[in-house]
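What follows is a single structure, written as C-alpha cells, with notes after it.
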Amino acid sequence: MAGPELLASLAGASQDHEFYTPIPQGYTPGRTKYLVVTGSVISGLGKGIFASSLGSLLQARGLVVAPVKFDGYLNQDAGTLNPYRHGEVFVLDDGTECDMDLGSYERFLDRDLSALNYLTGGRVFAQVLQRERHGDYLGRDVQFIPHVTGEIKSFLRKLAISSGADLVVVEVGGTVGDIENGYFLEAMRELQYEEDGRNVMFANVTYVLRPRALGEQKSKAAQLGIRTLMALGIQPAIIACRADEPVSESVREKISIYSNVPVSRVVGLPDTESIYRVPVILHEAGLDEETIDLLGLRDRINAAAARGKQNDLVAFWEDFANRITGPRRELRVAITGKYTEVRDSYASIINALEHAGAGLGVRVSLRWVETTEIGGPDGAAKALEGVHGIIVPGGFGSRGIEGKIACVGYARTHKVPFLGLCLGFQVAVIEYARNCCNLPGAHSTEFALDAVHKVVDLLPEQKKLEGLGGNMRLGGRWVDIKPGTKAHELYGRERVRERFRHRYEANPEYIELVERAGLVFSGKAPDHPIMQILELPGHPFFVGTQFHPELISRPARPHPLFHSFVRACRDREGA
Ligand code: GLN
C-alpha cells in the first residue's frame with residue numbers, strides 16, 4: 001500500500017504502527033500537488049527566484065499556487081536575525097518576520113503571504129517539544145523520523161487545506177547535504193512516498209563551475225550534488241543549472257546521464273541582468289508545461305482556460321525585464337545605512353526603486369553612504385554632492401546616527417528629494433526639531449535615554465512590554481491620510497494599509513510644536529496618536545514614513561511613494 005490509499009488508511013487509525021503521520025482533518029490526498037525545490041553545490045543560487053518564477057507562470061495559467069519556504073536554522077522566525085549576515089528581515093501583513101525570499105514570492109506572485117508560508121527548524125522543534133510535554137505522542141519515544149518529519153508534512157497539508165491550492169511550491173533552504181535541512185528533505189521524501197509519485201515532484205537548482213584557469217564549464221560538482229540528493233532517496237524531475245554564462249550542451253548531457261533526468265529537463269539558467277527575466281527563461285525552456293504534465297495538472301489548466309482565468313504573464317515579464325535592462329537615464333540616489341556592504345540587507349528598497357524606475361524610464365544607481373564617517377553638515381555635503389535623491393532607510397542602534405541627521409539636514413536645506421523609511425522618518429523628526437524648532441537637545445530615547453527633548457520615544461505599548469524582548473509593532477496596519485496633503489495626492493485615498501516594524505515613534509507631546517514650525521504629519525494611525533507619514537510643504541519631495549513602503553511595492557504596482565520619489569529625483573535640476 002502506498003500513496004493516497006496509505007494516507008487514507010492512516011487518517012484516524014490507531015497509533016500502534018510505524019506509519020505515524022498526522023493527517024489534518026479535511027485533507028484530501030491527491031487534491032493538492034507539490035513541487036519541491038532544493039539546491040545543490042552552493043547556496044545563494046536564487047532557488048527562491050526559480051521557485052517563485054515557476055510558481056508565477058503556473059499561477060498565470062489559472063492554478064491556485066501556494067508557496068512555502070523552509071529554513072533550517074533554529075530561530076523561530078527571522079526577527080532576531082542580523083540582516084548583515086542573513087539579508088533583509090521581510091515582514092508579512094500578519095506580522096511574521098521572515099526570510100527575504102518571501103519578498104520574492106510576494107513580488108512574483110503579486111499576493112500577500114502569511115505565517116502559513118514560512119517554517120523554520122526552530123518552529124518545528126518548538127512544536128514537537130510542546131507536543132511531547134503535552135503527552136501527545138502517547139508514550140512513544142519522540143524521534144526525527146517520524147515525529148519531526150511528521151510535523152513538517154502536517155504543516156504542508158494544513159497549508160494545502162487553508163489555501164485550497166492546486167500546487168504547493170516548497171523551497172527547502174540551504175544546500176543538499178547540510179545537517180540543517182536534512183530533516184526537511186527527509187520529510188519531502190516521505191511526502192512523495194505517502195502522496196504518490198504523481199503528486200509530488202522535485203526540482204534541483206545546481207551550479208556549473210567554470211574555473212578561470214580551465215576556461216570551460218565543468219559539471220562534476222553538480223553531478224556530485226545531485227548524487228547526494230539521490231542518495232537521500234530523492235529523484236529530481238527537473239534540474240536547473242545556474243552558471244555565469246549559457247550552459248553548454250555537453251554539460252547538460254553529462255548531468256542528464258548522471259541523474260536520470262531527460263536532457264530536455266536539464267535547463268541552463270545563466271546569470272541575467274534582471275531577476276525578472278527568469279520567468280521568461282523558464283517558460284522558453286518549457287518547464288511550466290513539463291511541470292503541468294508531470295503533476296497531472298493538464299485538466300485543471302484546461303478548465304481554467306475555459307473559465308478565462310489565464311493571463312499572458314510571460315509578455316508582462318518580458319516587457320518589464322526589457323525596461324529594467326534597456327538603456328535608460330541613470331539617477332544617483334544616496335542611501336545611508338549601517339549595513340552598507342551588503343546589498344541583501346536592502347533588497348526590498350532596491351526592488352521598489354527598480355519597479356518605480358521601470359515605469360519612469362530611468363535607472364537608479366545607489367551610492368552607499370557610511371554615515372559614521374560624516375560627522376556634521378560639511379561631511380554630509382561632501383558625501384552627497386551631485387546626488388539626485390537621498391534615502392535614509394530603517395535601522396536599529398546609534399551607529400552613525402549623527403551622520404544620518406546631517407544627511408537629512410542636507411536634503412532639507414538643499415531641496416534634494418528625500419525619502420525616510422522608519423528610522424529615516426524618526427531621524428527627520430529629530431533633525432527638524434533641532435534645526436527648525438530650536439530644540440538643540442532633541443533626540444530619540446533609542447539613542448539618548450536622558451535626552452532633553454525626547455522627540456522620538458518608545459511607543460506606550462512597548463513601554464508595557466519592556467523587558468520581554470523581541471516585541472515590536474509589527475505587520476500591516478491602517479494609515480489615515482490627511483486630505484489636501486502630498487500623501488493624499490500620491491495615494492489618492494484616505495486610508496491605506498502599510499507594514500510596520502518598530503518600537504519607537506514621534507513623541508505625541510511634540511507634534512503640535514513641530515507642526516507649527518511647518519512640518520506636516522499627513523498620515524496617522526486611526527485609533528492612536530501615532531504619526532505615520534511626514535512631509536515638508538514647499539520642498540520638491542521630503543517624505544518620511546514610520547512604515548516600510550518598500551515591502552509592498554510590486555512589479556505590476558510600484559509603490560506610489562517610491563514612484564513619486566524617483567520622479568522627483570528625475571526632475572531635480574542641477575544634479
Ligand atoms: N529603531 C527604530 C525603532 O525601533 C526604527 C526601526 C526600523 O527602522 N525598522 O522604532
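Every chain in the C-alpha cells has a letter given in the order shown (A, B, ...), and although residue numbers restart at 1 in each chain, ligands are simply numbered from 1 in the order shown.
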Using only C-alpha atoms, which residues sit within 10 Å of Gly403 of chain A once same-chain residues fewer than 3 positions away are excluded, as a PyMOL selection string?
-> chain A and resi 336-337+369-377+379-380+399-400+406-409
Take the residues from that selection and write them out as a short mmCIF file (atom, residue, chain, number, x, y, z; two decimals), in the first residue's frame, keeping all heavy atoms.
```cif
data_model
loop_
_atom_site.label_atom_id
_atom_site.label_comp_id
_atom_site.auth_asym_id
_atom_site.auth_seq_id
_atom_site.Cartn_x
_atom_site.Cartn_y
_atom_site.Cartn_z
N THR A 336 21.83 55.92 3.02
CA THR A 336 22.67 55.89 4.22
C THR A 336 22.33 54.63 4.98
O THR A 336 21.18 54.21 5.01
CB THR A 336 22.34 57.07 5.14
OG1 THR A 336 21.03 56.89 5.66
CG2 THR A 336 22.44 58.39 4.40
N GLY A 337 23.31 54.01 5.57
CA GLY A 337 22.93 52.82 6.32
C GLY A 337 24.08 52.16 6.99
O GLY A 337 25.25 52.41 6.70
N VAL A 369 26.33 55.32 1.52
CA VAL A 369 27.00 56.33 2.33
C VAL A 369 27.16 55.82 3.77
O VAL A 369 26.17 55.56 4.46
CB VAL A 369 26.18 57.65 2.33
CG1 VAL A 369 26.83 58.68 3.24
CG2 VAL A 369 26.04 58.20 0.92
N GLU A 370 28.40 55.66 4.17
CA GLU A 370 28.71 55.20 5.53
C GLU A 370 28.68 56.41 6.46
O GLU A 370 29.57 57.25 6.42
CB GLU A 370 30.09 54.52 5.51
CG GLU A 370 30.62 54.10 6.85
CD GLU A 370 29.65 53.23 7.63
OE1 GLU A 370 29.65 52.00 7.42
OE2 GLU A 370 28.91 53.79 8.47
N THR A 371 27.62 56.52 7.27
CA THR A 371 27.41 57.78 7.99
C THR A 371 28.29 57.94 9.23
O THR A 371 28.33 59.02 9.81
CB THR A 371 25.92 57.94 8.39
OG1 THR A 371 25.51 56.77 9.07
CG2 THR A 371 25.07 58.20 7.19
N THR A 372 28.97 56.87 9.64
CA THR A 372 29.87 57.04 10.80
C THR A 372 31.00 58.01 10.47
O THR A 372 31.60 58.60 11.34
CB THR A 372 30.51 55.70 11.21
OG1 THR A 372 31.01 55.08 10.04
CG2 THR A 372 29.54 54.80 11.91
N GLU A 373 31.29 58.15 9.18
CA GLU A 373 32.42 58.98 8.79
C GLU A 373 32.01 60.41 8.42
O GLU A 373 32.85 61.22 8.01
CB GLU A 373 33.16 58.33 7.59
CG GLU A 373 33.98 57.13 8.01
CD GLU A 373 34.04 56.06 6.95
OE1 GLU A 373 33.89 56.39 5.77
OE2 GLU A 373 34.21 54.88 7.32
N ILE A 374 30.73 60.72 8.54
CA ILE A 374 30.25 62.01 8.03
C ILE A 374 30.45 63.16 9.01
O ILE A 374 30.78 64.26 8.61
CB ILE A 374 28.78 61.88 7.59
CG1 ILE A 374 28.76 61.26 6.21
CG2 ILE A 374 28.08 63.22 7.59
CD1 ILE A 374 27.42 61.20 5.58
N GLY A 375 30.25 62.89 10.29
CA GLY A 375 30.38 63.96 11.28
C GLY A 375 29.21 64.92 11.20
O GLY A 375 28.12 64.62 11.66
N GLY A 376 29.42 66.09 10.59
CA GLY A 376 28.35 67.11 10.56
C GLY A 376 28.00 67.54 9.16
O GLY A 376 28.24 66.80 8.19
N PRO A 377 27.42 68.73 9.02
CA PRO A 377 26.93 69.22 7.73
C PRO A 377 27.99 69.24 6.61
O PRO A 377 27.69 68.90 5.47
CB PRO A 377 26.46 70.64 8.04
CG PRO A 377 26.18 70.64 9.50
CD PRO A 377 27.10 69.65 10.13
N GLY A 379 30.61 67.28 6.20
CA GLY A 379 30.81 65.89 5.76
C GLY A 379 29.65 65.42 4.91
O GLY A 379 29.84 64.74 3.89
N ALA A 380 28.43 65.80 5.32
CA ALA A 380 27.24 65.38 4.57
C ALA A 380 27.28 66.00 3.17
O ALA A 380 27.03 65.32 2.16
CB ALA A 380 25.97 65.80 5.30
N ARG A 399 24.68 53.67 15.82
CA ARG A 399 25.84 53.82 14.96
C ARG A 399 25.53 54.77 13.78
O ARG A 399 24.57 54.57 13.07
CB ARG A 399 26.24 52.44 14.44
CG ARG A 399 27.59 52.40 13.79
CD ARG A 399 28.01 50.94 13.57
NE ARG A 399 29.18 50.88 12.72
CZ ARG A 399 29.13 50.82 11.39
NH1 ARG A 399 27.97 50.81 10.78
NH2 ARG A 399 30.25 50.79 10.68
N GLY A 400 26.38 55.77 13.64
CA GLY A 400 26.25 56.69 12.50
C GLY A 400 25.05 57.62 12.56
O GLY A 400 24.71 58.26 11.56
N ALA A 406 22.66 64.66 9.81
CA ALA A 406 23.29 65.66 8.92
C ALA A 406 22.84 65.47 7.47
O ALA A 406 22.61 66.44 6.74
CB ALA A 406 24.81 65.58 9.04
N CYS A 407 22.67 64.22 7.05
CA CYS A 407 22.23 63.95 5.67
C CYS A 407 20.80 64.46 5.45
O CYS A 407 20.50 65.04 4.40
CB CYS A 407 22.28 62.45 5.38
SG CYS A 407 23.96 61.83 5.20
N VAL A 408 19.93 64.25 6.44
CA VAL A 408 18.56 64.75 6.30
C VAL A 408 18.58 66.28 6.24
O VAL A 408 17.87 66.90 5.43
CB VAL A 408 17.66 64.26 7.46
CG1 VAL A 408 16.27 64.86 7.34
CG2 VAL A 408 17.58 62.74 7.45
N GLY A 409 19.43 66.88 7.07
CA GLY A 409 19.56 68.34 7.06
C GLY A 409 19.99 68.84 5.68
O GLY A 409 19.46 69.83 5.16
#
```
In segment 299-538 of chain A, DSSP alpha helix (DSSP H) residues written as a PyMOL selection string | chain A and resi 299-306+313-325+347-360+377-383+401-413+423-436+460-465+486-491+511-516
Got a sec to check which residues lie within 9 Å of ligand 1, using only C-alpha atoms and all ligand atoms, and send them as a ChimeraX atom specification?
-> /A:393-398,421-426,446,456-459,472-473,500-505,546-548
In Å, how far is it from atom CA of Gly44 of chain A to atom CA of Gly225 of chain A?
->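 Atom CA of Gly44 of chain A sits 14.8 Å away from atom CA of Gly225 of chain A.
The neighbours of Glu151 of chain A here are the residues that come within 9 Å of it, using only C-alpha atoms and leaving out any residue fewer than 6 positions away in the same chain; they are A:Thr21, A:Pro22, A:Val124, A:Phe125, A:Gln127, A:Val128, A:Ala187.
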Keeping only all heavy atoms, take the residues you just selected and write them out as a PDB file, in the first residue's frame.
```
ATOM      1  N   THR A  21       1.938   9.520  10.932  1.00  0.00           N
ATOM      2  CA  THR A  21       1.937  10.730  10.115  1.00  0.00           C
ATOM      3  C   THR A  21       0.625  11.459  10.379  1.00  0.00           C
ATOM      4  O   THR A  21      -0.440  10.964  10.049  1.00  0.00           O
ATOM      5  CB  THR A  21       2.172  10.426   8.610  1.00  0.00           C
ATOM      6  OG1 THR A  21       2.450  11.626   7.926  1.00  0.00           O
ATOM      7  CG2 THR A  21       1.050   9.691   7.926  1.00  0.00           C
ATOM      8  N   PRO A  22       0.699  12.605  11.074  1.00  0.00           N
ATOM      9  CA  PRO A  22      -0.550  13.278  11.433  1.00  0.00           C
ATOM     10  C   PRO A  22      -1.210  13.891  10.199  1.00  0.00           C
ATOM     11  O   PRO A  22      -0.598  14.709   9.509  1.00  0.00           O
ATOM     12  CB  PRO A  22      -0.097  14.368  12.410  1.00  0.00           C
ATOM     13  CG  PRO A  22       1.359  14.556  12.161  1.00  0.00           C
ATOM     14  CD  PRO A  22       1.896  13.326  11.518  1.00  0.00           C
ATOM     15  N   VAL A 124       9.529  24.133  14.094  1.00  0.00           N
ATOM     16  CA  VAL A 124       9.194  22.708  14.060  1.00  0.00           C
ATOM     17  C   VAL A 124       9.521  22.083  15.421  1.00  0.00           C
ATOM     18  O   VAL A 124       8.691  21.405  16.034  1.00  0.00           O
ATOM     19  CB  VAL A 124      10.000  21.971  12.963  1.00  0.00           C
ATOM     20  CG1 VAL A 124       9.735  20.480  13.018  1.00  0.00           C
ATOM     21  CG2 VAL A 124       9.674  22.527  11.594  1.00  0.00           C
ATOM     22  N   PHE A 125      10.755  22.356  15.903  1.00  0.00           N
ATOM     23  CA  PHE A 125      11.165  21.732  17.160  1.00  0.00           C
ATOM     24  C   PHE A 125      10.357  22.261  18.333  1.00  0.00           C
ATOM     25  O   PHE A 125      10.012  21.508  19.245  1.00  0.00           O
ATOM     26  CB  PHE A 125      12.664  21.936  17.393  1.00  0.00           C
ATOM     27  CG  PHE A 125      13.489  21.132  16.429  1.00  0.00           C
ATOM     28  CD1 PHE A 125      14.331  21.743  15.516  1.00  0.00           C
ATOM     29  CD2 PHE A 125      13.399  19.740  16.408  1.00  0.00           C
ATOM     30  CE1 PHE A 125      15.068  20.999  14.607  1.00  0.00           C
ATOM     31  CE2 PHE A 125      14.131  18.990  15.499  1.00  0.00           C
ATOM     32  CZ  PHE A 125      14.969  19.619  14.595  1.00  0.00           C
ATOM     33  N   GLN A 127       7.355  23.089  18.332  1.00  0.00           N
ATOM     34  CA  GLN A 127       6.054  22.411  18.343  1.00  0.00           C
ATOM     35  C   GLN A 127       6.158  20.958  18.788  1.00  0.00           C
ATOM     36  O   GLN A 127       5.337  20.471  19.560  1.00  0.00           O
ATOM     37  CB  GLN A 127       5.429  22.489  16.947  1.00  0.00           C
ATOM     38  CG  GLN A 127       4.512  23.695  16.834  1.00  0.00           C
ATOM     39  CD  GLN A 127       4.280  24.135  15.404  1.00  0.00           C
ATOM     40  OE1 GLN A 127       4.423  23.358  14.474  1.00  0.00           O
ATOM     41  NE2 GLN A 127       3.928  25.389  15.235  1.00  0.00           N
ATOM     42  N   VAL A 128       7.219  20.284  18.307  1.00  0.00           N
ATOM     43  CA  VAL A 128       7.402  18.880  18.698  1.00  0.00           C
ATOM     44  C   VAL A 128       7.612  18.793  20.212  1.00  0.00           C
ATOM     45  O   VAL A 128       7.001  17.958  20.896  1.00  0.00           O
ATOM     46  CB  VAL A 128       8.587  18.249  17.933  1.00  0.00           C
ATOM     47  CG1 VAL A 128       8.958  16.901  18.507  1.00  0.00           C
ATOM     48  CG2 VAL A 128       8.242  18.117  16.450  1.00  0.00           C
ATOM     49  N   ALA A 187      11.571  14.704   5.144  1.00  0.00           N
ATOM     50  CA  ALA A 187      10.109  14.871   5.187  1.00  0.00           C
ATOM     51  C   ALA A 187       9.540  14.927   3.774  1.00  0.00           C
ATOM     52  O   ALA A 187       8.466  14.377   3.498  1.00  0.00           O
ATOM     53  CB  ALA A 187       9.745  16.139   5.960  1.00  0.00           C
TER      54      ALA A 187
END
```
Give me the residues near Asp244 of chain A as a short mmCIF file (atom, residue, chain, number, x, y, z; two decimals) with C-alpha atoms, in the first residue's frame, where near means some atom within 9 Å (using only C-alpha atoms) and where sequence neighbours in that chain fewer than 2 positions away do not count.
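This is the output file selection09.cif:
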```
data_model
loop_
_atom_site.label_atom_id
_atom_site.label_comp_id
_atom_site.auth_asym_id
_atom_site.auth_seq_id
_atom_site.Cartn_x
_atom_site.Cartn_y
_atom_site.Cartn_z
CA VAL A 208 28.00 24.57 -13.03
CA LEU A 209 31.52 25.74 -12.31
CA ARG A 210 33.82 27.39 -14.81
CA ARG A 242 22.90 28.08 -12.63
CA PRO A 246 24.98 29.83 -21.02
CA VAL A 247 25.34 26.16 -20.10
CA LEU A 269 19.98 29.26 -16.07
CA PRO A 270 22.85 31.68 -16.69
CA ASP A 271 23.26 34.93 -14.76
CA THR A 272 20.82 37.55 -16.01
#
```
Have a look at A:Arg227, A:Arg329, A:Arg277, A:His355 and name the one nearest to Ile255 of chain A; count only C-alpha atoms.
->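 Looking only at the distances to Ile255 of chain A, the closest residue turns out to be A:Arg227.
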What lies within 12 Å of Glu385 of chain A using only C-alpha atoms, ignoring chain neighbours under 3 positions off, as a list in words?
->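 Listing them by chain and then by number gives Arg332, Val333, Ala334, Arg367, Val369, Pro377, Asp378, Gly379, Ala380, Ala381, Lys382, His388, Gly389, Ile390, Cys407, Tyr410, Ala411, His414, Val416, Gly574 and Ala575 of chain A.
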Could you take the residues named above and write them with N, CA, C and O atoms, as an mmCIF file, in the first residue's frame?
```
data_model
loop_
_atom_site.group_PDB
_atom_site.id
_atom_site.type_symbol
_atom_site.label_atom_id
_atom_site.label_comp_id
_atom_site.auth_asym_id
_atom_site.auth_seq_id
_atom_site.Cartn_x
_atom_site.Cartn_y
_atom_site.Cartn_z
ATOM 1 N N ARG A 332 21.461 59.062 -9.625
ATOM 2 C CA ARG A 332 22.277 58.671 -8.471
ATOM 3 C C ARG A 332 21.488 58.941 -7.189
ATOM 4 O O ARG A 332 21.138 60.086 -6.898
ATOM 5 N N VAL A 333 21.192 57.892 -6.458
ATOM 6 C CA VAL A 333 20.484 58.047 -5.194
ATOM 7 C C VAL A 333 21.385 57.564 -4.067
ATOM 8 O O VAL A 333 21.928 56.457 -4.124
ATOM 9 N N ALA A 334 21.571 58.440 -3.076
ATOM 10 C CA ALA A 334 22.402 58.057 -1.928
ATOM 11 C C ALA A 334 21.543 57.309 -0.928
ATOM 12 O O ALA A 334 20.380 57.653 -0.704
ATOM 13 N N ARG A 367 24.329 55.058 -4.331
ATOM 14 C CA ARG A 367 25.614 55.432 -3.734
ATOM 15 C C ARG A 367 25.501 55.171 -2.229
ATOM 16 O O ARG A 367 24.726 55.817 -1.531
ATOM 17 N N VAL A 369 26.329 55.322 1.521
ATOM 18 C CA VAL A 369 26.996 56.333 2.332
ATOM 19 C C VAL A 369 27.160 55.821 3.768
ATOM 20 O O VAL A 369 26.175 55.556 4.462
ATOM 21 N N PRO A 377 27.422 68.734 9.016
ATOM 22 C CA PRO A 377 26.933 69.219 7.726
ATOM 23 C C PRO A 377 27.992 69.242 6.615
ATOM 24 O O PRO A 377 27.687 68.902 5.470
ATOM 25 N N ASP A 378 29.226 69.576 6.947
ATOM 26 C CA ASP A 378 30.248 69.630 5.893
ATOM 27 C C ASP A 378 30.505 68.246 5.314
ATOM 28 O O ASP A 378 30.605 68.077 4.089
ATOM 29 N N GLY A 379 30.607 67.276 6.204
ATOM 30 C CA GLY A 379 30.811 65.887 5.765
ATOM 31 C C GLY A 379 29.651 65.419 4.910
ATOM 32 O O GLY A 379 29.839 64.737 3.889
ATOM 33 N N ALA A 380 28.430 65.801 5.315
ATOM 34 C CA ALA A 380 27.235 65.385 4.569
ATOM 35 C C ALA A 380 27.275 65.998 3.170
ATOM 36 O O ALA A 380 27.027 65.319 2.161
ATOM 37 N N ALA A 381 27.617 67.287 3.099
ATOM 38 C CA ALA A 381 27.650 67.974 1.801
ATOM 39 C C ALA A 381 28.643 67.301 0.863
ATOM 40 O O ALA A 381 28.381 67.123 -0.332
ATOM 41 N N LYS A 382 29.771 66.874 1.431
ATOM 42 C CA LYS A 382 30.798 66.225 0.605
ATOM 43 C C LYS A 382 30.314 64.862 0.099
ATOM 44 O O LYS A 382 30.428 64.536 -1.084
ATOM 45 N N HIS A 388 20.912 62.779 -6.962
ATOM 46 C CA HIS A 388 19.559 63.217 -7.340
ATOM 47 C C HIS A 388 18.567 63.024 -6.205
ATOM 48 O O HIS A 388 17.466 63.586 -6.234
ATOM 49 N N GLY A 389 18.917 62.171 -5.249
ATOM 50 C CA GLY A 389 17.991 61.916 -4.161
ATOM 51 C C GLY A 389 18.686 61.207 -3.016
ATOM 52 O O GLY A 389 19.789 60.673 -3.177
ATOM 53 N N ILE A 390 18.029 61.204 -1.840
ATOM 54 C CA ILE A 390 18.633 60.622 -0.644
ATOM 55 C C ILE A 390 17.595 59.756 0.075
ATOM 56 O O ILE A 390 16.459 60.192 0.292
ATOM 57 N N CYS A 407 22.670 64.221 7.054
ATOM 58 C CA CYS A 407 22.227 63.949 5.675
ATOM 59 C C CYS A 407 20.805 64.463 5.454
ATOM 60 O O CYS A 407 20.498 65.036 4.398
ATOM 61 N N TYR A 410 20.904 68.103 5.067
ATOM 62 C CA TYR A 410 21.371 68.483 3.729
ATOM 63 C C TYR A 410 20.215 68.383 2.724
ATOM 64 O O TYR A 410 19.986 69.295 1.923
ATOM 65 N N ALA A 411 19.482 67.292 2.791
ATOM 66 C CA ALA A 411 18.354 67.096 1.865
ATOM 67 C C ALA A 411 17.332 68.226 2.030
ATOM 68 O O ALA A 411 16.813 68.755 1.047
ATOM 69 N N HIS A 414 19.033 71.762 0.934
ATOM 70 C CA HIS A 414 19.433 71.849 -0.478
ATOM 71 C C HIS A 414 18.327 71.396 -1.427
ATOM 72 O O HIS A 414 18.546 71.249 -2.624
ATOM 73 N N VAL A 416 16.999 68.560 -1.931
ATOM 74 C CA VAL A 416 17.233 67.279 -2.616
ATOM 75 C C VAL A 416 16.105 66.334 -2.211
ATOM 76 O O VAL A 416 15.776 66.233 -1.024
ATOM 77 N N GLY A 574 19.923 70.604 -11.875
ATOM 78 C CA GLY A 574 21.269 70.914 -11.396
ATOM 79 C C GLY A 574 22.064 69.721 -10.922
ATOM 80 O O GLY A 574 23.234 69.864 -10.584
ATOM 81 N N ALA A 575 21.450 68.522 -10.889
ATOM 82 C CA ALA A 575 22.226 67.365 -10.412
ATOM 83 C C ALA A 575 22.852 66.651 -11.599
ATOM 84 O O ALA A 575 22.397 66.783 -12.713
#
```
Give the answer as one residue: which of A:Val251, A:Ala517, A:Ile533, A:Ala237 has the shortest atom-to-atom distance to Gly420 of chain A, using only C-alpha atoms?
->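 Ranking A:Val251, A:Ala517, A:Ile533, A:Ala237 by distance to Gly420 of chain A, first place goes to A:Ile533.
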From A:Lys486, A:Glu535, A:Phe316, A:Phe155, residue lying nearest Arg412 of chain A [only C-alpha atoms] = A:Glu535
Expressed in Å, the length from atom CA of Pro24 of chain A to atom CA of Met201 of chain A is 21.6 Å
Distance atom CA of Lys454 of chain A-atom CA of Gly441 of chain A, one decimal place?
->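 Result for atom CA of Lys454 of chain A versus atom CA of Gly441 of chain A: 8.4 Å, one decimal.
Ranking A:Leu360, A:Ala506, A:Leu384, A:Ile42 by their shortest atom-to-atom distance to Ala221 of chain A, with only C-alpha atoms included, puts A:Ile42 first.
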Using only C-alpha atoms, find the one residue out of A:Thr28, A:Ser264, A:Thr325, A:Ser274 that sits nearest to Gly164 of chain A.
-> A:Thr28
Find the residues around Glu106 of chain A up to 12 Å (only C-alpha atoms counted), leave out those fewer than 2 positions away in its own chain, and share them as a ChimeraX atom specification.
-> /A:48-49,51-53,55-56,65-68,90-93,99-104,108-114,117,348,351,551-557
